[in-house]
file protein_4.cif (mmCIF, C-alpha atoms)
data_coords
#
loop_
_atom_site.label_atom_id
_atom_site.label_comp_id
_atom_site.auth_asym_id
_atom_site.auth_seq_id
_atom_site.Cartn_x
_atom_site.Cartn_y
_atom_site.Cartn_z
CA MET W 1 43.14 -6.87 28.93
CA LYS W 2 40.11 -8.83 30.14
CA LYS W 3 38.84 -5.75 31.89
CA THR W 4 39.26 -3.62 28.78
CA ILE W 5 37.36 -6.09 26.62
CA ALA W 6 34.61 -6.37 29.21
CA LEU W 7 34.33 -2.62 29.41
CA LEU W 8 34.16 -2.29 25.63
CA LEU W 9 31.50 -4.98 25.40
CA THR W 10 29.55 -3.29 28.15
CA LEU W 11 29.80 0.01 26.36
CA LEU W 12 28.55 -1.53 23.13
CA ILE W 13 25.68 -3.38 24.79
CA ASN W 14 24.55 -0.38 26.76
CA SER W 15 24.93 2.17 24.02
CA SER W 16 22.76 0.06 21.74
CA SER W 17 20.03 0.00 24.38
CA TRP W 18 20.15 3.77 24.96
CA ALA W 19 17.95 4.59 22.06
CA ALA W 20 16.13 7.23 24.05
CA ILE W 21 12.94 8.51 22.53
CA ALA W 22 13.70 11.38 20.17
CA HIS W 23 11.76 13.61 17.82
CA VAL W 24 12.30 12.93 14.14
CA GLN W 25 9.88 15.09 12.18
CA THR W 26 6.54 16.88 12.36
CA PRO W 27 5.06 18.51 9.28
CA ASP W 28 2.66 21.39 9.71
CA GLN W 29 -0.92 20.42 10.51
CA VAL W 30 -3.53 20.38 7.77
CA ASN W 31 -7.03 21.79 7.99
CA CYS W 32 -9.70 20.27 5.75
CA GLY W 33 -13.25 21.53 5.20
CA SER W 34 -16.43 19.66 4.27
CA VAL W 35 -14.68 16.35 3.72
CA THR W 36 -14.86 12.72 4.77
CA ASN W 37 -11.10 12.13 4.78
CA CYS W 38 -8.19 14.45 5.40
CA ASN W 39 -4.63 13.39 4.70
CA LEU W 40 -1.16 14.71 5.37
CA ALA W 41 2.26 13.57 4.15
CA PHE W 42 5.54 13.43 6.03
CA GLY W 43 8.20 15.73 4.63
CA SER W 44 10.86 13.02 4.74
CA ASN W 45 10.77 9.25 4.55
CA ASN W 46 9.81 7.42 7.73
CA THR W 47 12.45 5.23 9.35
CA ALA W 48 11.75 1.58 10.08
CA ALA W 49 10.71 0.70 13.65
CA ASN W 50 9.87 4.29 14.54
CA PHE W 51 6.63 5.62 16.00
CA ILE W 52 3.94 7.77 14.40
CA GLY W 53 1.56 9.82 16.52
CA VAL W 54 -1.55 11.28 14.90
CA GLY W 55 -3.65 14.10 16.30
CA TRP W 56 -7.06 14.57 14.77
CA SER W 57 -10.07 16.76 15.37
CA TYR W 58 -13.40 17.42 13.72
CA ALA W 59 -16.33 19.72 14.33
CA ALA W 60 -18.88 17.22 15.59
CA SER W 61 -19.03 14.38 18.07
CA GLY W 62 -19.73 10.68 18.13
CA ARG W 63 -18.19 9.86 14.77
CA THR W 64 -16.00 6.87 14.08
CA VAL W 65 -12.45 7.85 13.19
CA THR W 66 -10.22 5.55 11.17
CA ILE W 67 -6.53 6.17 10.55
CA THR W 68 -4.64 4.52 7.74
CA ASP W 69 -1.48 5.12 5.79
CA THR W 70 0.66 3.56 3.16
CA ARG W 71 1.80 0.58 5.19
CA ASN W 72 1.19 0.78 8.94
CA THR W 73 -1.52 -0.30 11.37
CA TYR W 74 -3.03 2.25 13.74
CA THR W 75 -4.68 1.71 17.07
CA SER W 76 -8.39 2.05 17.56
CA SER W 77 -8.63 5.74 16.86
CA ASN W 78 -11.52 6.69 19.09
CA ALA W 79 -9.95 5.22 22.21
CA ILE W 80 -8.04 8.36 23.16
CA SER W 81 -10.38 11.27 22.59
CA ALA W 82 -12.23 14.13 24.24
CA THR W 83 -15.21 16.23 23.20
CA ASP W 84 -15.78 19.93 23.69
CA ALA W 85 -19.56 19.88 24.00
CA ALA W 86 -19.81 23.67 24.02
CA ASP W 87 -18.28 23.90 20.56
CA ALA W 88 -19.36 20.47 19.30
CA GLY W 89 -15.80 19.49 18.55
CA THR W 90 -13.89 16.28 19.19
CA CYS W 91 -10.19 15.58 19.19
CA GLY W 92 -8.08 12.51 19.72
CA ILE W 93 -4.80 10.70 19.30
CA GLY W 94 -3.99 7.61 17.28
CA TYR W 95 -0.63 5.96 16.81
CA ALA W 96 1.32 3.31 14.96
CA LEU W 97 4.23 1.36 16.41
CA ASN W 98 7.12 -0.34 14.67
CA ILE W 99 6.41 1.51 11.43
CA GLY W 100 7.77 0.67 8.03
CA ALA W 101 10.29 2.79 6.15
CA GLY W 102 9.62 5.12 3.24
CA ALA W 103 7.51 8.00 2.03
CA ASN W 104 4.21 8.09 3.83
CA THR W 105 0.87 9.87 3.80
CA VAL W 106 -1.43 9.49 6.79
CA ASN W 107 -5.15 9.54 6.16
CA VAL W 108 -7.81 10.25 8.77
CA ALA W 109 -11.38 9.34 7.89
CA VAL W 110 -14.55 10.16 9.80
CA SER W 111 -17.92 8.55 9.40
CA GLY W 112 -19.95 11.17 7.56
CA VAL W 113 -18.87 14.53 6.20
CA ALA W 114 -17.12 16.80 8.70
CA SER W 115 -17.27 20.54 8.22
CA ILE W 116 -13.78 20.95 9.70
CA MET W 117 -11.11 18.33 10.17
CA ARG W 118 -7.60 18.93 11.37
CA VAL W 119 -4.79 16.43 11.28
CA GLY W 120 -1.28 16.54 12.72
CA ILE W 121 1.32 13.81 12.44
CA THR W 122 4.66 13.30 14.15
CA GLU W 123 7.43 10.71 13.98
CA PHE W 124 9.60 9.68 16.93
CA SER W 125 12.37 7.15 17.28
CA GLY W 126 13.03 5.03 20.35
CA VAL W 127 9.43 4.20 21.26
CA ALA W 128 8.71 0.56 22.13
CA THR W 129 7.68 -1.42 19.07
CA ALA W 130 4.89 -3.20 20.98
CA SER W 131 2.74 -2.46 24.04
CA ALA W 132 4.05 1.10 24.16
CA ILE W 133 0.95 2.90 25.39
CA ASP W 134 0.97 3.62 29.10
CA LYS W 135 -1.24 6.45 30.38
CA THR W 136 -3.96 8.47 28.71
CA ALA W 137 -6.22 11.32 29.76
CA GLY W 138 -8.54 13.79 28.15
CA THR W 139 -10.92 16.53 29.09
CA SER W 140 -12.49 19.81 27.96
CA GLY W 141 -12.81 23.30 29.34
CA THR W 142 -12.81 27.02 28.70
CA GLY W 143 -9.95 29.49 28.53
CA SER W 144 -6.37 29.08 29.64
CA PRO W 145 -4.74 26.83 30.63
CA VAL W 146 -5.68 23.97 28.37
CA ASN W 147 -4.89 20.88 30.40
CA ALA W 148 -5.58 17.36 29.20
CA GLY W 149 -4.91 16.15 32.71
CA SER W 150 -2.10 15.04 34.97
CA VAL W 151 -0.49 11.74 34.01
CA THR W 152 2.08 9.69 35.88
CA PRO W 153 4.03 7.43 33.54
CA THR W 154 5.04 4.11 35.06
CA THR W 155 8.58 4.13 33.60
CA ASN W 156 11.33 6.62 32.91
CA GLY W 157 11.95 8.10 29.50
CA GLN W 158 8.40 8.12 28.19
CA LEU W 159 7.03 10.30 25.42
CA LEU W 160 4.16 12.52 26.50
CA LEU W 161 2.11 13.53 23.48
CA VAL W 162 -0.59 16.19 23.85
CA TRP W 163 -3.09 17.18 21.17
CA ALA W 164 -5.57 20.00 21.73
CA ARG W 165 -8.15 21.91 19.72
CA ASN W 166 -10.11 25.01 20.57
CA SER W 167 -13.13 26.90 19.34
CA ALA W 168 -11.44 30.10 18.20
CA THR W 169 -8.21 31.41 16.83
CA SER W 170 -5.62 31.57 19.59
CA THR W 171 -1.91 31.73 20.09
CA TRP W 172 -0.67 28.62 21.87
CA THR W 173 2.21 28.42 24.30
CA ALA W 174 3.67 25.08 25.31
CA GLY W 175 3.30 23.85 28.86
CA THR W 176 6.26 23.38 31.20
CA ASP W 177 8.83 21.03 29.63
CA PHE W 178 6.81 20.60 26.42
CA THR W 179 7.74 21.63 22.89
CA LEU W 180 5.14 22.83 20.40
CA ARG W 181 5.55 20.97 17.14
CA PHE W 182 3.82 23.25 14.63
CA ALA W 183 4.95 26.58 13.33
CA ALA W 184 3.52 29.24 15.60
CA ALA W 185 1.67 30.95 12.79
CA GLN W 186 -0.35 27.83 12.12
CA ASN W 187 -1.36 27.13 15.66
CA SER W 188 -4.68 28.87 15.49
CA ARG W 189 -7.08 26.06 16.35
CA VAL W 190 -5.00 22.99 17.20
CA ALA W 191 -1.70 22.31 18.88
CA LEU W 192 0.59 19.34 19.23
CA GLU W 193 3.18 19.35 21.99
CA THR W 194 5.55 16.64 23.15
CA TYR W 195 7.89 15.97 26.03
CA VAL W 196 10.25 13.08 26.68
CA GLN W 197 10.22 12.80 30.45
CA PRO W 198 13.59 11.62 31.82
CA THR W 199 12.25 10.38 35.15
CA ALA W 200 8.73 9.13 35.69
CA ALA W 201 6.63 11.57 37.74
CA ALA W 202 3.22 13.17 37.70
CA HIS W 203 3.09 15.84 35.00
CA ASN W 204 0.42 18.18 33.75
CA SER W 205 -0.41 17.99 30.06
CA ASP W 206 -1.07 21.65 29.63
CA LEU W 207 -0.74 24.58 27.27
CA THR W 208 -1.77 28.19 27.49
CA ILE W 209 -3.91 30.01 24.94
CA THR W 210 -4.93 33.56 24.32
CA GLY W 211 -8.57 34.51 24.73
CA THR W 212 -11.24 32.34 26.31
CA PRO W 213 -12.23 29.76 23.73
CA THR W 214 -13.64 26.42 24.73
CA TRP W 215 -11.33 23.50 24.15
CA ALA W 216 -10.76 19.76 24.30
CA ALA W 217 -7.39 18.12 24.87
CA VAL W 218 -5.95 14.63 25.16
CA VAL W 219 -2.63 13.18 26.26
CA ALA W 220 -1.07 9.77 25.77
CA THR W 221 2.25 8.50 27.07
CA PHE W 222 4.43 5.96 25.30
CA LYS W 223 7.17 3.76 26.72
CA GLU W 224 10.67 3.03 25.63
CA PRO W 225 11.44 -0.61 24.83
CA ALA W 226 11.51 -2.62 28.05
CA ALA W 227 15.11 -3.69 27.47
CA GLY W 228 16.11 -0.07 27.13
CA GLY W 229 16.05 0.58 30.85
CA GLY W 230 15.68 3.97 32.31
CA GLY W 231 15.93 6.46 29.52
CA SER W 232 18.29 9.08 28.37
CA ASP W 233 19.33 10.51 31.70
CA VAL W 234 21.21 7.48 33.10
CA PRO W 235 24.29 6.98 30.99
CA PHE W 236 27.66 6.06 32.51
CA GLN W 237 26.55 4.84 35.90
CA ARG W 238 25.07 1.79 34.25
CA ILE W 239 28.33 0.95 32.47
CA LEU W 240 30.42 1.21 35.60
CA VAL W 241 28.11 -0.96 37.68
CA VAL W 242 28.21 -3.77 35.13
CA GLU W 243 31.97 -3.65 34.83
CA MET P 244 -10.07 17.74 -28.27
CA ILE P 245 -11.56 21.10 -27.38
CA ASN P 246 -11.84 19.98 -23.80
CA ILE P 247 -8.18 19.04 -23.72
CA LEU P 248 -7.13 22.40 -25.19
CA LEU P 249 -9.32 24.23 -22.71
CA LEU P 250 -7.86 22.21 -19.89
CA LEU P 251 -4.32 22.95 -21.00
CA LEU P 252 -5.13 26.64 -21.23
CA LEU P 253 -6.65 26.72 -17.77
CA ILE P 254 -3.88 24.83 -16.09
CA ALA P 255 -0.95 26.56 -17.72
CA ILE P 256 1.82 27.34 -15.24
CA PRO P 257 1.04 30.74 -13.76
CA VAL P 258 3.64 33.43 -13.36
CA PHE P 259 3.34 35.35 -10.12
CA GLY P 260 4.46 38.83 -9.36
CA ASP P 261 5.06 40.18 -5.89
CA LEU P 262 2.89 38.53 -3.31
CA ALA P 263 0.95 41.28 -1.62
CA ASP P 264 -1.64 39.22 0.20
CA SER P 265 -2.75 36.12 -1.61
CA VAL P 266 -2.50 34.74 -5.12
CA SER P 267 -4.96 32.29 -6.60
CA VAL P 268 -4.89 30.18 -9.71
CA ASP P 269 -7.54 27.87 -11.12
CA ALA P 270 -5.68 24.62 -11.48
CA LEU P 271 -8.66 22.89 -13.06
CA GLY P 272 -11.50 24.63 -14.83
CA SER P 273 -15.26 24.21 -14.72
CA GLN P 274 -16.27 21.08 -16.60
CA THR P 275 -17.28 17.48 -16.15
CA TYR P 276 -14.64 15.09 -14.91
CA THR P 277 -14.33 11.37 -14.46
CA GLY P 278 -11.40 9.21 -13.45
CA LYS P 279 -8.09 10.84 -12.65
CA THR P 280 -7.13 14.34 -13.76
CA THR P 281 -3.72 15.83 -13.10
CA THR P 282 -3.01 19.53 -12.86
CA SER P 283 0.04 21.10 -14.39
CA GLU P 284 2.90 22.17 -12.15
CA ILE P 285 2.11 25.41 -10.37
CA ALA P 286 4.85 27.76 -9.24
CA VAL P 287 4.71 28.63 -5.56
CA PRO P 288 5.48 32.30 -4.89
CA ALA P 289 8.80 32.48 -3.08
CA GLU P 290 7.31 34.31 -0.10
CA ALA P 291 4.27 32.04 0.23
CA GLN P 292 3.86 30.51 3.67
CA PHE P 293 0.47 28.96 3.17
CA ILE P 294 -1.47 26.97 0.60
CA ARG P 295 -5.18 26.34 0.26
CA VAL P 296 -6.76 24.10 -2.35
CA ASP P 297 -10.52 24.38 -2.96
CA ILE P 298 -12.83 22.49 -5.25
CA ASP P 299 -16.10 24.14 -6.11
CA ARG P 300 -18.88 21.76 -5.16
CA LYS P 301 -21.91 23.89 -6.05
CA LEU P 302 -22.64 21.68 -9.06
CA LEU P 303 -21.57 18.50 -7.36
CA LEU P 304 -25.04 17.32 -6.45
CA ASP P 305 -24.82 13.56 -6.92
CA GLU P 306 -24.51 12.03 -3.45
CA THR P 307 -22.91 8.90 -4.86
CA ALA P 308 -19.99 10.84 -6.29
CA HIS P 309 -16.65 10.48 -4.51
CA ILE P 310 -13.85 12.94 -5.12
CA ILE P 311 -10.28 12.46 -4.00
CA VAL P 312 -7.82 15.35 -4.17
CA SER P 313 -4.12 14.94 -3.44
CA PHE P 314 -1.24 17.37 -3.85
CA GLU P 315 2.52 17.02 -4.05
CA ILE P 316 5.27 19.59 -3.63
CA SER P 317 8.72 19.97 -5.14
CA PHE P 318 11.50 22.13 -3.72
CA ASP P 319 13.87 21.71 -6.68
CA SER P 320 11.93 22.91 -9.70
CA GLY P 321 10.27 19.56 -10.27
CA LYS P 322 13.26 17.22 -10.12
CA THR P 323 11.85 15.45 -7.07
CA TRP P 324 8.39 15.42 -5.54
CA ARG P 325 6.89 14.40 -2.25
CA GLY P 326 3.37 14.19 -0.90
CA LEU P 327 1.82 17.26 0.70
CA ALA P 328 -1.83 16.78 1.69
CA GLY P 329 -5.29 16.12 0.34
CA PHE P 330 -8.82 15.11 1.12
CA GLU P 331 -11.75 12.99 0.06
CA THR P 332 -15.33 14.15 -0.08
CA VAL P 333 -18.69 13.16 -1.47
CA GLY P 334 -21.25 14.88 -3.64
CA GLY P 335 -24.53 16.33 -2.46
CA VAL P 336 -25.22 19.09 0.01
CA VAL P 337 -22.82 19.08 2.97
CA PRO P 338 -22.32 21.64 5.73
CA ASP P 339 -19.54 24.16 6.04
CA GLN P 340 -18.10 25.31 9.35
CA ASP P 341 -20.96 27.78 9.83
CA GLY P 342 -23.62 25.14 9.23
CA LYS P 343 -24.48 26.51 5.81
CA ASP P 344 -24.31 24.56 2.57
CA ALA P 345 -20.64 24.26 1.74
CA GLU P 346 -19.65 25.86 -1.54
CA THR P 347 -16.22 24.28 -1.56
CA SER P 348 -14.30 21.43 -0.02
CA TYR P 349 -10.70 22.27 0.77
CA PHE P 350 -7.47 21.70 2.57
CA GLU P 351 -5.10 24.36 3.85
CA MET P 352 -1.73 24.20 5.55
CA GLY P 353 1.56 25.95 6.07
CA LEU P 354 4.35 25.51 3.54
CA GLU P 355 8.00 24.75 4.14
CA GLY P 356 10.83 26.35 2.24
CA ILE P 357 9.84 29.99 2.43
CA LYS P 358 11.95 32.13 0.06
CA ASN P 359 12.79 29.08 -2.03
CA PRO P 360 12.03 30.19 -5.60
CA ASN P 361 12.09 26.59 -6.86
CA ARG P 362 8.93 25.38 -5.18
CA LEU P 363 6.19 23.84 -7.31
CA VAL P 364 2.97 22.04 -6.47
CA ARG P 365 0.85 19.73 -8.55
CA GLY P 366 -2.32 17.84 -7.82
CA ASN P 367 -4.56 14.99 -8.82
CA MET P 368 -8.30 14.79 -8.66
CA THR P 369 -9.96 11.40 -8.96
CA VAL P 370 -13.71 11.18 -9.44
CA ASN P 371 -15.55 7.88 -9.34
CA LYS P 372 -18.22 8.93 -11.83
CA VAL P 373 -18.92 11.73 -14.27
CA SER P 374 -19.21 14.86 -12.13
CA THR P 375 -19.20 18.58 -12.70
CA ILE P 376 -16.64 20.51 -10.71
CA GLY P 377 -16.81 24.29 -10.81
CA PHE P 378 -13.04 24.67 -10.38
CA MET P 379 -10.03 23.52 -8.45
CA ARG P 380 -8.43 26.68 -7.05
CA VAL P 381 -5.01 26.91 -5.46
CA THR P 382 -4.38 29.93 -3.26
CA PHE P 383 -1.04 30.97 -1.81
CA LYS P 384 -0.38 33.61 0.78
#

call {"tool": "encode", "arguments": {"input": "protein_4.cif", "output": "structure tokens"}}
result
Amino acid sequence: MKKTIALLLTLLINSSSWAAIAHVQTPDQVNCGSVTNCNLAFGSNNTAANFIGVGWSYAASGRTVTITDTRNTYTSSNAISATDAADAGTCGIGYALNIGAGANTVNVAVSGVASIMRVGITEFSGVATASAIDKTAGTSGTGSPVNAGSVTPTTNGQLLLVWARNSATSTWTAGTDFTLRFAAAQNSRVALETYVQPTAAAHNSDLTITGTPTWAAVVATFKEPAAGGGGSDVPFQRILVVE
Amino acid sequence: MINILLLLLLIAIPVFGDLADSVSVDALGSQTYTGKTTTSEIAVPAEAQFIRVDIDRKLLLDETAHIIVSFEISFDSGKTWRGLAGFETVGGVVPDQDGKDAETSYFEMGLEGIKNPNRLVRGNMTVNKVSTIGFMRVTFK
């Protein structure tokens, strides 16, 4: 009887900490022209304590980018960015942790009017509600593959989020293990891809594109909660060891 | 009063036929605006996969003018609405993507619910001071 109760308790405790990072929703990206702000709404209400990732790009460089929404606080938005000097375009990633629940519209503002702005937003569950950011990288180049760089997350189960923009209409294909998050027909100039990596290891943050446009791309990785342990790929072993 | 009638005429709900390539409707007509103006509900063609909303800025020459455009979408003939997208811009001469003077400011994006005949969109435009807008045009394709 004692053993059964202990096993049940262990199951409950462990299952509650297995909230592996999972995709919730990603609306299609929006393209704005000759604007100072560009905003995009989620299709469904956000869920409390989830994560929002924001990909942004504009056709210039050196601007200050500010991300706001109905209720959440975003990180310094220029911190994770890369510039394609050949096409005078800049892209970057911002994020909000431990978000509030409800309908939500995310607004990206740039200092000064931008001739083209693109914004993509995505919601994930299971990301740490504080100190989630781990690794970042960003670079620019020409033609395929588009590769923001190789990153090596420090813990298992992290979310790898890649945002890329290019100088011409292209068809994007996700890199190994990644999933493209926009409808293919809308992927002409920007792409958002994500991957929840079961076991921490070096991984390229790449995509392929058609043609030979110039591009810029960035990647950021986000941790699970520290108490969550090793991610979604280590289920029953943990229960049996405790028992 | 005349302005209101003109506005109502211009923003009447359009009826679309088959969607060959793209369909456009002027949601707001050419006139001076101030404060918040709401469009009527605009039917989204069932096959439409894409929306673009432009405001004509050729007469929007005051650099201190701020214009905010936001759109909502309904998938159930207007019973419920949710946000879609929008933008903010300023008056004066600003560049377009080719470096020329922009004639419009816009947003464009893909639409969910293709083949749903019950889709509607509606928008708001808020202007901080009296400003002339050539049109607000909604294009589906």

call {"tool": "atom_distance", "arguments": {"input": "protein_4.cif", "atom1": "atom CA of Arg325 of chain P", "atom2": "atom CA of Cys38 of chain W"}}
result
16.9 Å

call {"tool": "resolve_selection", "arguments": {"input": "protein_4.cif", "expression": "the PyMOL selection byres ((chain W) within 12 of (chain P))", "output": "ChimeraX atom specification"}}
result
/W:26-45,58-60,70,87-89,102-121,167,182-188

call {"tool": "residues_around", "arguments": {"input": "protein_4.cif", "residues": "Ala291 of chain P", "least_positions_apart": "6", "cutoff": "8 Å", "atoms": "only C-alpha atoms", "output": "PyMOL selection string"}}
result
chain P and resi 262+354+357-358+383-384

call {"tool": "write_last_selection", "arguments": {"input": "protein_4.cif", "atoms": "C-alpha atoms", "output": "short mmCIF file (atom, residue, chain, number, x, y, z; two decimals), keeping the file's coordinate frame"}}
result
data_model
loop_
_atom_site.label_atom_id
_atom_site.label_comp_id
_atom_site.auth_asym_id
_atom_site.auth_seq_id
_atom_site.Cartn_x
_atom_site.Cartn_y
_atom_site.Cartn_z
CA LEU P 262 2.89 38.53 -3.31
CA LEU P 354 4.35 25.51 3.54
CA ILE P 357 9.84 29.99 2.43
CA LYS P 358 11.95 32.13 0.06
CA PHE P 383 -1.04 30.97 -1.81
CA LYS P 384 -0.38 33.61 0.78
#

call {"tool": "residues_near_point", "arguments": {"input": "protein_4.cif", "point": "(-22.6, 23.2, -7.8)", "cutoff": "8 Å", "atoms": "all atoms listed in the file", "output": "list in words"}}
result
Asp299, Arg300, Lys301, Leu302, Leu303, Leu304, Glu346, Thr375, Ile376 and Gly377 of chain P

call {"tool": "resolve_selection", "arguments": {"input": "protein_4.cif", "expression": "the PyMOL selection byres ((chain W and resi 171-173) around 10)", "output": "list in words"}}
result
Ser144, Pro145, Val146, Ala164, Ala168, Thr169, Ser170, Ala174, Gly175, Thr176, Phe178, Thr179, Leu180, Ala184, Ala185, Gln186, Asn187, Ser188, Arg189, Val190, Ala191, Leu192, Glu193, Asp206, Leu207, Thr208, Ile209, Thr210 and Gly211 of chain W

call {"tool": "atom_distance", "arguments": {"input": "protein_4.cif", "atom1": "atom CA of Thr139 of chain W", "atom2": "atom CA of Ile80 of chain W"}}
result
10.5 Å

call {"tool": "atom_distance", "arguments": {"input": "protein_4.cif", "atom1": "atom CA of Phe378 of chain P", "atom2": "atom CA of Lys279 of chain P"}}
result
14.9 Å

call {"tool": "resolve_selection", "arguments": {"input": "protein_4.cif", "expression": "the PyMOL selection byres ((chain W and resi 155-159) around 6)", "output": "list in words"}}
result
Pro153, Thr154, Leu160, Tyr195, Val196, Gln197, Pro198, Thr199, Ala200, Thr221, Phe222, Lys223, Gly230 and Gly231 of chain W

call {"tool": "closest_residue", "arguments": {"input": "protein_4.cif", "among": "W:Ala220, W:Ala96, W:Cys91, W:Ala132", "to": "Ser150 of chain W", "atoms": "only C-alpha atoms"}}
result
W:Ala220

call {"tool": "closest_residue", "arguments": {"input": "protein_4.cif", "among": "W:Ala48, W:Thr152, W:Gly94, W:Ala128", "to": "Thr75 of chain W", "atoms": "all atoms listed in the file"}}
result
W:Gly94

call {"tool": "decode", "arguments": {"input": "protein_4.cif", "residues": "segment 295-356 of chain P", "atoms": "C-alpha atoms", "output": "PDB file, in the first residue's frame"}}
result
ATOM      1  CA  ARG P 295      -4.291  44.220 -47.808  1.00  0.00           C
ATOM      2  CA  VAL P 296      -5.439  47.497 -46.295  1.00  0.00           C
ATOM      3  CA  ASP P 297      -4.098  50.753 -47.752  1.00  0.00           C
ATOM      4  CA  ILE P 298      -4.643  54.344 -46.773  1.00  0.00           C
ATOM      5  CA  ASP P 299      -3.939  56.952 -49.398  1.00  0.00           C
ATOM      6  CA  ARG P 300      -1.422  59.387 -47.961  1.00  0.00           C
ATOM      7  CA  LYS P 301      -0.916  61.671 -50.970  1.00  0.00           C
ATOM      8  CA  LEU P 302      -2.848  64.456 -49.231  1.00  0.00           C
ATOM      9  CA  LEU P 303      -1.528  63.627 -45.801  1.00  0.00           C
ATOM     10  CA  LEU P 304       1.152  66.287 -45.727  1.00  0.00           C
ATOM     11  CA  ASP P 305       1.111  67.440 -42.104  1.00  0.00           C
ATOM     12  CA  GLU P 306       4.114  65.830 -40.403  1.00  0.00           C
ATOM     13  CA  THR P 307       2.494  66.167 -37.000  1.00  0.00           C
ATOM     14  CA  ALA P 308      -0.443  64.002 -37.997  1.00  0.00           C
ATOM     15  CA  HIS P 309      -0.562  60.490 -36.531  1.00  0.00           C
ATOM     16  CA  ILE P 310      -2.804  57.850 -38.028  1.00  0.00           C
ATOM     17  CA  ILE P 311      -3.594  54.530 -36.403  1.00  0.00           C
ATOM     18  CA  VAL P 312      -5.343  51.811 -38.393  1.00  0.00           C
ATOM     19  CA  SER P 313      -6.542  48.571 -36.824  1.00  0.00           C
ATOM     20  CA  PHE P 314      -8.655  45.761 -38.244  1.00  0.00           C
ATOM     21  CA  GLU P 315     -10.679  42.946 -36.755  1.00  0.00           C
ATOM     22  CA  ILE P 316     -12.033  39.773 -38.314  1.00  0.00           C
ATOM     23  CA  SER P 317     -15.113  37.667 -37.672  1.00  0.00           C
ATOM     24  CA  PHE P 318     -15.574  34.068 -38.788  1.00  0.00           C
ATOM     25  CA  ASP P 319     -19.244  33.823 -37.782  1.00  0.00           C
ATOM     26  CA  SER P 320     -20.999  36.601 -39.654  1.00  0.00           C
ATOM     27  CA  GLY P 321     -20.223  39.199 -37.016  1.00  0.00           C
ATOM     28  CA  LYS P 322     -21.311  37.388 -33.860  1.00  0.00           C
ATOM     29  CA  THR P 323     -17.764  37.451 -32.489  1.00  0.00           C
ATOM     30  CA  TRP P 324     -14.714  39.451 -33.472  1.00  0.00           C
ATOM     31  CA  ARG P 325     -11.009  39.245 -32.824  1.00  0.00           C
ATOM     32  CA  GLY P 326      -8.054  41.440 -33.668  1.00  0.00           C
ATOM     33  CA  LEU P 327      -6.298  40.974 -36.996  1.00  0.00           C
ATOM     34  CA  ALA P 328      -3.551  43.536 -37.627  1.00  0.00           C
ATOM     35  CA  GLY P 329      -2.869  47.206 -38.139  1.00  0.00           C
ATOM     36  CA  PHE P 330      -0.291  49.941 -38.246  1.00  0.00           C
ATOM     37  CA  GLU P 331       0.548  53.453 -37.197  1.00  0.00           C
ATOM     38  CA  THR P 332       2.092  56.076 -39.412  1.00  0.00           C
ATOM     39  CA  VAL P 333       2.722  59.795 -39.582  1.00  0.00           C
ATOM     40  CA  GLY P 334       1.944  62.487 -42.106  1.00  0.00           C
ATOM     41  CA  GLY P 335       4.424  64.091 -44.452  1.00  0.00           C
ATOM     42  CA  VAL P 336       6.536  62.570 -47.181  1.00  0.00           C
ATOM     43  CA  VAL P 337       7.845  59.108 -46.297  1.00  0.00           C
ATOM     44  CA  PRO P 338       9.630  56.537 -48.449  1.00  0.00           C
ATOM     45  CA  ASP P 339       8.170  53.413 -49.960  1.00  0.00           C
ATOM     46  CA  GLN P 340      10.127  50.210 -50.464  1.00  0.00           C
ATOM     47  CA  ASP P 341      11.664  51.550 -53.674  1.00  0.00           C
ATOM     48  CA  GLY P 342      12.828  54.757 -52.026  1.00  0.00           C
ATOM     49  CA  LYS P 343      10.173  56.837 -53.745  1.00  0.00           C
ATOM     50  CA  ASP P 344       7.563  58.939 -51.975  1.00  0.00           C
ATOM     51  CA  ALA P 345       5.041  56.499 -50.582  1.00  0.00           C
ATOM     52  CA  GLU P 346       1.538  56.943 -51.941  1.00  0.00           C
ATOM     53  CA  THR P 347      -0.013  54.652 -49.374  1.00  0.00           C
ATOM     54  CA  SER P 348       0.697  53.126 -46.001  1.00  0.00           C
ATOM     55  CA  TYR P 349      -0.553  49.568 -45.647  1.00  0.00           C
ATOM     56  CA  PHE P 350      -0.580  46.204 -44.018  1.00  0.00           C
ATOM     57  CA  GLU P 351      -1.015  42.864 -45.749  1.00  0.00           C
ATOM     58  CA  MET P 352      -1.248  39.319 -44.477  1.00  0.00           C
ATOM     59  CA  GLY P 353      -2.683  35.892 -45.086  1.00  0.00           C
ATOM     60  CA  LEU P 354      -6.195  35.084 -43.912  1.00  0.00           C
ATOM     61  CA  GLU P 355      -7.429  32.053 -42.028  1.00  0.00           C
ATOM     62  CA  GLY P 356     -10.686  30.302 -42.747  1.00  0.00           C
TER      63      GLY P 356
END
